[in-house]
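S.K.: Below you'll find the structure I mean.
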Amino acid sequence: MISPDPFATADSQAWHQRLAQLIRNAGSSSFPSLLEQALYELAGFDTILINTYKGQHRPLLVHDNYPPERREQGIERYLSEAYLLDPFFKAVHDGLDRSAHRLRELAPDRFENSDYFHHYYRALGLTDEVGLFARVDGDVVMVVSLGFRGDGARVTRRVMLALRHVTPVIDALLSEYWKWQGHSFQASLEEREPVEAAFESFGQEALTQREREIVRYLLAGHSTKSAARELDISDGTVRVHRKHSKYPPAKPGALYC
């Protein structure tokens, strides 16, 4: 039997009222804004992005709270190209589709040395980030990304635990939202963007398929050892391919030109 104590407080009553509102509006276009309000009460984040991912397709932005002056860096650059090196995007591609995860749990071992960090992420000013993952269709995953700014703005163990406990509910609600609203996004979600094709053909004339794979891992912030582990090859093999590919390139941040 579950103890009634946690449910008998004023905070619990307010939360359940908010939850009831989310359930009533799960299929409506207003649901993402209501979800933002509910999660803010729980976690007190600074930024929120709700993106939808389908395979290697360009992410579809469903909702965000970025002000106009931050949209070019925070939104437009991400959706146009930076997402290709995003640890959340890679996690979805690798099969992650449930629960809440901190970016630092999913990021490669040299994330702060990556092109993604230097040419995109650092400018966001985030000191911590949590992604709530939910599979809303057979091949569609939604990620609610909560960003935290400021000195010492780290997600506490208690907040992280709360987010993980509430994720199954958010998962069900997002699935309901997608069932009723997903049709309006499908065409955009399935469009294949040129930047993906460019990344797939990156170095095609000079590099082997394996060398292109290795360069992509290195751009994302993996060390030689980490890239070898991800690709299930030896450190020495990575070093040989890295030398042949002449990575790092003479012009840093080539992906973001």
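Ordered as shown in the structure tokens, chains take letters A, B, and onward, while each chain numbers its residues from 1 and ligands are numbered from 1 in the order shown.
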Could you give me, as a list in words, the residues within 12 Å of Arg239 (chain A), counting only C-alpha atoms and dropping anything in the same chain fewer than 3 positions from it?

M.R.: Glu211, Ile214, Val215, Leu218, Ser223, Thr224, Lys225, Ser226, Ala227, Ala228, Ile233, Ser234, Asp235, Gly236, Arg242, Lys243, His244, Ser245, Lys246, Tyr247 and Pro248 of chain A

S.K.: Include C-alpha atoms and write out the residues we just selected as an mmCIF file, in the first residue's frame.

M.R.:
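Below is the file that was written, part_24.cif:
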data_model
loop_
_atom_site.group_PDB
_atom_site.id
_atom_site.type_symbol
_atom_site.label_atom_id
_atom_site.label_comp_id
_atom_site.auth_asym_id
_atom_site.auth_seq_id
_atom_site.Cartn_x
_atom_site.Cartn_y
_atom_site.Cartn_z
ATOM 1 C CA GLU A 211 37.265 7.555 -41.835
ATOM 2 C CA ILE A 214 35.626 8.539 -37.162
ATOM 3 C CA VAL A 215 35.804 12.229 -38.095
ATOM 4 C CA LEU A 218 35.804 13.403 -33.219
ATOM 5 C CA SER A 223 38.490 11.134 -27.747
ATOM 6 C CA THR A 224 40.369 8.488 -29.711
ATOM 7 C CA LYS A 225 39.595 5.933 -27.012
ATOM 8 C CA SER A 226 35.902 6.877 -26.868
ATOM 9 C CA ALA A 227 35.512 6.793 -30.675
ATOM 10 C CA ALA A 228 37.172 3.368 -30.741
ATOM 11 C CA ILE A 233 37.586 -0.977 -33.116
ATOM 12 C CA SER A 234 41.029 -0.534 -31.578
ATOM 13 C CA ASP A 235 42.528 2.787 -30.487
ATOM 14 C CA GLY A 236 45.340 2.209 -32.977
ATOM 15 C CA ARG A 242 42.595 9.994 -37.975
ATOM 16 C CA LYS A 243 46.074 10.612 -39.355
ATOM 17 C CA HIS A 244 44.957 9.763 -42.887
ATOM 18 C CA SER A 245 41.896 12.029 -42.636
ATOM 19 C CA LYS A 246 44.116 14.901 -41.389
ATOM 20 C CA TYR A 247 41.742 15.581 -38.486
ATOM 21 C CA PRO A 248 41.530 18.106 -36.925
#

S.K.: What's the 9 Å shell around Ala82 (chain A), counting only C-alpha atoms, without same-chain residues fewer than 3 positions away, as a ChimeraX atom specification?

M.R.: /A:77-79,85-86,116,119-121,255-256

S.K.: Can you measure CA of Thr156 (chain A) to CA of Tyr177 (chain A) for me? One decimal in Å is fine.

M.R.: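 A separation of 29.0 Å between them.
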
S.K.: Give the alpha helix (DSSP H) residues of region 11-255 of chain A, as DSSP finds them on the backbone, and put them as number ranges by chain.

M.R.: A: 11-24, 31-43, 68-71, 77-80, 87-93, 103-106, 115-119, 157-181, 186-189, 194-200, 209-220, 224-231, 235-245

S.K.: Could you tell me which of A:His57, A:Phe88, A:Ser28, A:Met160 comes closest to Leu42 (chain A) if we count only C-alpha atoms?

M.R.: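 Checking each candidate against Leu42 (chain A), we get A:Met160 as the closest.
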
S.K.: Between CA of Tyr53 (chain A) and CA of Arg18 (chain A), what distance in Å does the model show, to one decimal?

M.R.: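 Taking CA of Tyr53 (chain A) as the start and CA of Arg18 (chain A) as the end point, the length is 27.0 Å.
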
S.K.: Looking at A:Leu39, A:Ile170, A:Leu96, A:Ala107, which one is nearest to Asp139 (chain A), with distances taken over only C-alpha atoms?

M.R.: A:Leu96

S.K.: Pick the closest to Val136 (chain A) from A:Gly95, A:Pro108, A:Gly44, A:Gly182: which is it, counting only C-alpha atoms?

M.R.: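 Closest to Val136 (chain A) of all the choices is A:Gly182.
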
S.K.: Nearest residue to Lys90 (chain A) out of A:Ala43, A:Glu72, A:Gly55, A:Arg110, using only C-alpha atoms?

M.R.: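 Nearest candidate to Lys90 (chain A) out of A:Ala43, A:Glu72, A:Gly55, A:Arg110: A:Gly55.
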
S.K.: Rank A:Ser184, A:Phe7, A:Thr47, A:Ser80 by their smallest atom-to-atom distance to Pro67 (chain A), using only C-alpha atoms, and report the top residue only.

M.R.: A:Thr47

S.K.: Please, which residues of region 59-241 of chain A, numbered as in this document, come out strand (DSSP E or B) from DSSP, as JSON, numbers by chain?

M.R.: {"A": [60, 61, 62, 63, 64, 100, 101, 102, 126, 127, 128, 129, 130, 131, 132, 133, 134, 135, 136, 137, 140, 141, 142, 143, 144, 145, 146, 147, 148, 149]}

S.K.: Counting only C-alpha atoms, which of A:Leu207, A:Leu126, A:Leu106, A:Val169 gets nearest to His222 (chain A)?

M.R.: A:Leu106

S.K.: Excluding same-chain residues fewer than 2 positions from Leu103 (chain A), what lies within 12 Å of it counting only C-alpha atoms, as a ChimeraX atom specification?

M.R.: /A:86-91,100-101,105-109,111-112,121,126-133,143,145-148,154-155

S.K.: For region 19-27 of chain A, please output as a CSV table (one decimal) with all heavy atoms, in the first residue's frame all residues within 8 Å (counting only C-alpha atoms; exclusion window: fewer than 3 positions along the same chain).

M.R.:
chain,number,residue,atom,x,y,z
A,15,TRP,N,0.0,20.4,-7.6
A,15,TRP,CA,0.5,19.6,-8.7
A,15,TRP,C,-0.5,18.8,-9.4
A,15,TRP,O,-0.6,18.7,-10.6
A,15,TRP,CB,1.7,18.7,-8.2
A,15,TRP,CG,2.1,17.7,-9.2
A,15,TRP,CD1,1.9,16.4,-9.2
A,15,TRP,CD2,2.8,18.0,-10.4
A,15,TRP,NE1,2.4,15.8,-10.3
A,15,TRP,CE2,3.0,16.7,-11.1
A,15,TRP,CE3,3.3,19.1,-11.0
A,15,TRP,CZ2,3.6,16.6,-12.3
A,15,TRP,CZ3,4.0,19.0,-12.2
A,15,TRP,CH2,4.1,17.8,-12.9
A,16,HIS,N,-1.4,18.1,-8.6
A,16,HIS,CA,-2.4,17.3,-9.2
A,16,HIS,C,-3.5,18.1,-10.0
A,16,HIS,O,-4.0,17.6,-11.0
A,16,HIS,CB,-3.1,16.4,-8.2
A,16,HIS,CG,-2.2,15.2,-7.8
A,16,HIS,ND1,-1.2,15.3,-6.8
A,16,HIS,CD2,-2.1,14.0,-8.3
A,16,HIS,CE1,-0.6,14.2,-6.7
A,16,HIS,NE2,-1.1,13.3,-7.6
A,30,SER,N,-2.6,23.8,-27.4
A,30,SER,CA,-2.1,24.5,-26.3
A,30,SER,C,-1.3,23.7,-25.3
A,30,SER,O,-0.7,24.2,-24.4
A,30,SER,CB,-3.2,25.2,-25.5
A,30,SER,OG,-4.1,24.2,-24.9
A,31,PHE,N,-1.2,22.4,-25.5
A,31,PHE,CA,-0.6,21.5,-24.6
A,31,PHE,C,0.9,21.8,-24.3
A,31,PHE,O,1.3,21.8,-23.1
A,31,PHE,CB,-0.7,20.0,-25.0
A,31,PHE,CG,0.1,19.0,-24.2
A,31,PHE,CD1,-0.4,18.7,-22.9
A,31,PHE,CD2,1.3,18.5,-24.6
A,31,PHE,CE1,0.3,17.8,-22.1
A,31,PHE,CE2,2.0,17.7,-23.8
A,31,PHE,CZ,1.5,17.3,-22.6
A,34,LEU,N,1.2,24.5,-21.8
A,34,LEU,CA,0.8,24.1,-20.4
A,34,LEU,C,1.8,23.1,-19.8
A,34,LEU,O,2.1,23.2,-18.6
A,34,LEU,CB,-0.6,23.3,-20.5
A,34,LEU,CG,-1.7,24.2,-21.0
A,34,LEU,CD1,-3.0,23.3,-21.2
A,34,LEU,CD2,-2.1,25.3,-20.0
A,35,LEU,N,2.5,22.3,-20.6
A,35,LEU,CA,3.5,21.4,-20.2
A,35,LEU,C,4.7,22.3,-19.7
A,35,LEU,O,5.3,22.0,-18.6
A,35,LEU,CB,4.0,20.5,-21.3
A,35,LEU,CG,5.1,19.5,-20.9
A,35,LEU,CD1,4.7,18.6,-19.8
A,35,LEU,CD2,5.5,18.7,-22.1
A,38,ALA,N,3.9,23.6,-16.2
A,38,ALA,CA,3.9,22.5,-15.2
A,38,ALA,C,5.4,22.1,-14.8
A,38,ALA,O,5.7,22.0,-13.7
A,38,ALA,CB,3.1,21.3,-15.7
A,173,LEU,N,1.3,11.6,-22.0
A,173,LEU,CA,0.7,12.9,-22.4
A,173,LEU,C,1.2,13.3,-23.8
A,173,LEU,O,0.4,13.7,-24.6
A,173,LEU,CB,0.9,14.0,-21.4
A,173,LEU,CG,0.2,13.8,-20.0
A,173,LEU,CD1,0.7,14.8,-19.0
A,173,LEU,CD2,-1.3,13.9,-20.2
A,174,LEU,N,2.5,13.2,-24.0
A,174,LEU,CA,3.1,13.6,-25.3
A,174,LEU,C,2.6,12.6,-26.4
A,174,LEU,O,2.4,13.1,-27.5
A,174,LEU,CB,4.6,13.5,-25.2
A,174,LEU,CG,5.3,14.7,-24.4
A,174,LEU,CD1,6.8,14.4,-24.3
A,174,LEU,CD2,5.1,16.0,-25.2
A,176,GLU,N,-0.3,11.2,-26.4
A,176,GLU,CA,-1.7,11.7,-26.7
A,176,GLU,C,-1.7,12.9,-27.6
A,176,GLU,O,-2.4,13.1,-28.5
A,176,GLU,CB,-2.4,11.9,-25.4
A,176,GLU,CG,-3.9,12.2,-25.6
A,176,GLU,CD,-4.7,11.0,-26.0
A,176,GLU,OE1,-4.1,9.8,-26.0
A,176,GLU,OE2,-5.9,11.1,-26.3
A,177,TYR,N,-0.8,13.9,-27.2
A,177,TYR,CA,-0.6,15.1,-28.0
A,177,TYR,C,-0.3,14.8,-29.5
A,177,TYR,O,-0.9,15.3,-30.4
A,177,TYR,CB,0.5,16.0,-27.4
A,177,TYR,CG,0.8,17.2,-28.2
A,177,TYR,CD1,0.0,18.3,-28.3
A,177,TYR,CD2,2.0,17.2,-29.0
A,177,TYR,CE1,0.3,19.4,-29.1
A,177,TYR,CE2,2.4,18.3,-29.7
A,177,TYR,CZ,1.5,19.4,-29.8
A,177,TYR,OH,1.9,20.4,-30.6
A,178,TRP,N,0.7,13.9,-29.7
A,178,TRP,CA,1.1,13.5,-31.0
A,178,TRP,C,0.0,12.8,-31.8
A,178,TRP,O,-0.2,13.0,-33.0
A,178,TRP,CB,2.4,12.7,-31.0
A,178,TRP,CG,3.0,12.4,-32.3
A,178,TRP,CD1,2.9,11.3,-33.1
A,178,TRP,CD2,3.7,13.4,-33.1
A,178,TRP,NE1,3.6,11.5,-34.3
A,178,TRP,CE2,4.1,12.8,-34.3
A,178,TRP,CE3,4.1,14.7,-32.8
A,178,TRP,CZ2,4.8,13.4,-35.3
A,178,TRP,CZ3,4.8,15.3,-33.8
A,178,TRP,CH2,5.2,14.7,-35.0
A,179,LYS,N,-0.8,12.0,-31.1
A,179,LYS,CA,-1.9,11.3,-31.8
A,179,LYS,C,-2.9,12.3,-32.4
A,179,LYS,O,-3.4,12.1,-33.5
A,179,LYS,CB,-2.6,10.4,-30.8
A,179,LYS,CG,-3.8,9.6,-31.4
A,179,LYS,CD,-4.3,8.6,-30.4
A,179,LYS,CE,-5.1,9.3,-29.3
A,179,LYS,NZ,-5.8,8.3,-28.4
A,180,TRP,N,-3.1,13.4,-31.7
A,180,TRP,CA,-4.1,14.4,-32.2
A,180,TRP,C,-3.5,15.5,-33.0
A,180,TRP,O,-4.1,16.1,-33.9
A,180,TRP,CB,-4.9,15.0,-31.0
A,180,TRP,CG,-5.7,13.9,-30.4
A,180,TRP,CD1,-5.5,13.3,-29.2
A,180,TRP,CD2,-7.0,13.4,-30.8
A,180,TRP,NE1,-6.5,12.4,-28.9
A,180,TRP,CE2,-7.4,12.5,-29.9
A,180,TRP,CE3,-7.8,13.7,-32.0
A,180,TRP,CZ2,-8.6,11.7,-30.1
A,180,TRP,CZ3,-8.9,13.0,-32.2
A,180,TRP,CH2,-9.4,12.0,-31.2
A,181,GLN,N,-2.2,15.8,-32.8
A,181,GLN,CA,-1.6,17.0,-33.4
A,181,GLN,C,-0.5,16.6,-34.4
A,181,GLN,O,-0.1,17.5,-35.2
A,181,GLN,CB,-1.0,18.0,-32.4
A,181,GLN,CG,-2.1,18.5,-31.4
A,181,GLN,CD,-3.1,19.4,-32.1
A,181,GLN,OE1,-2.7,20.1,-33.1
A,181,GLN,NE2,-4.3,19.5,-31.6
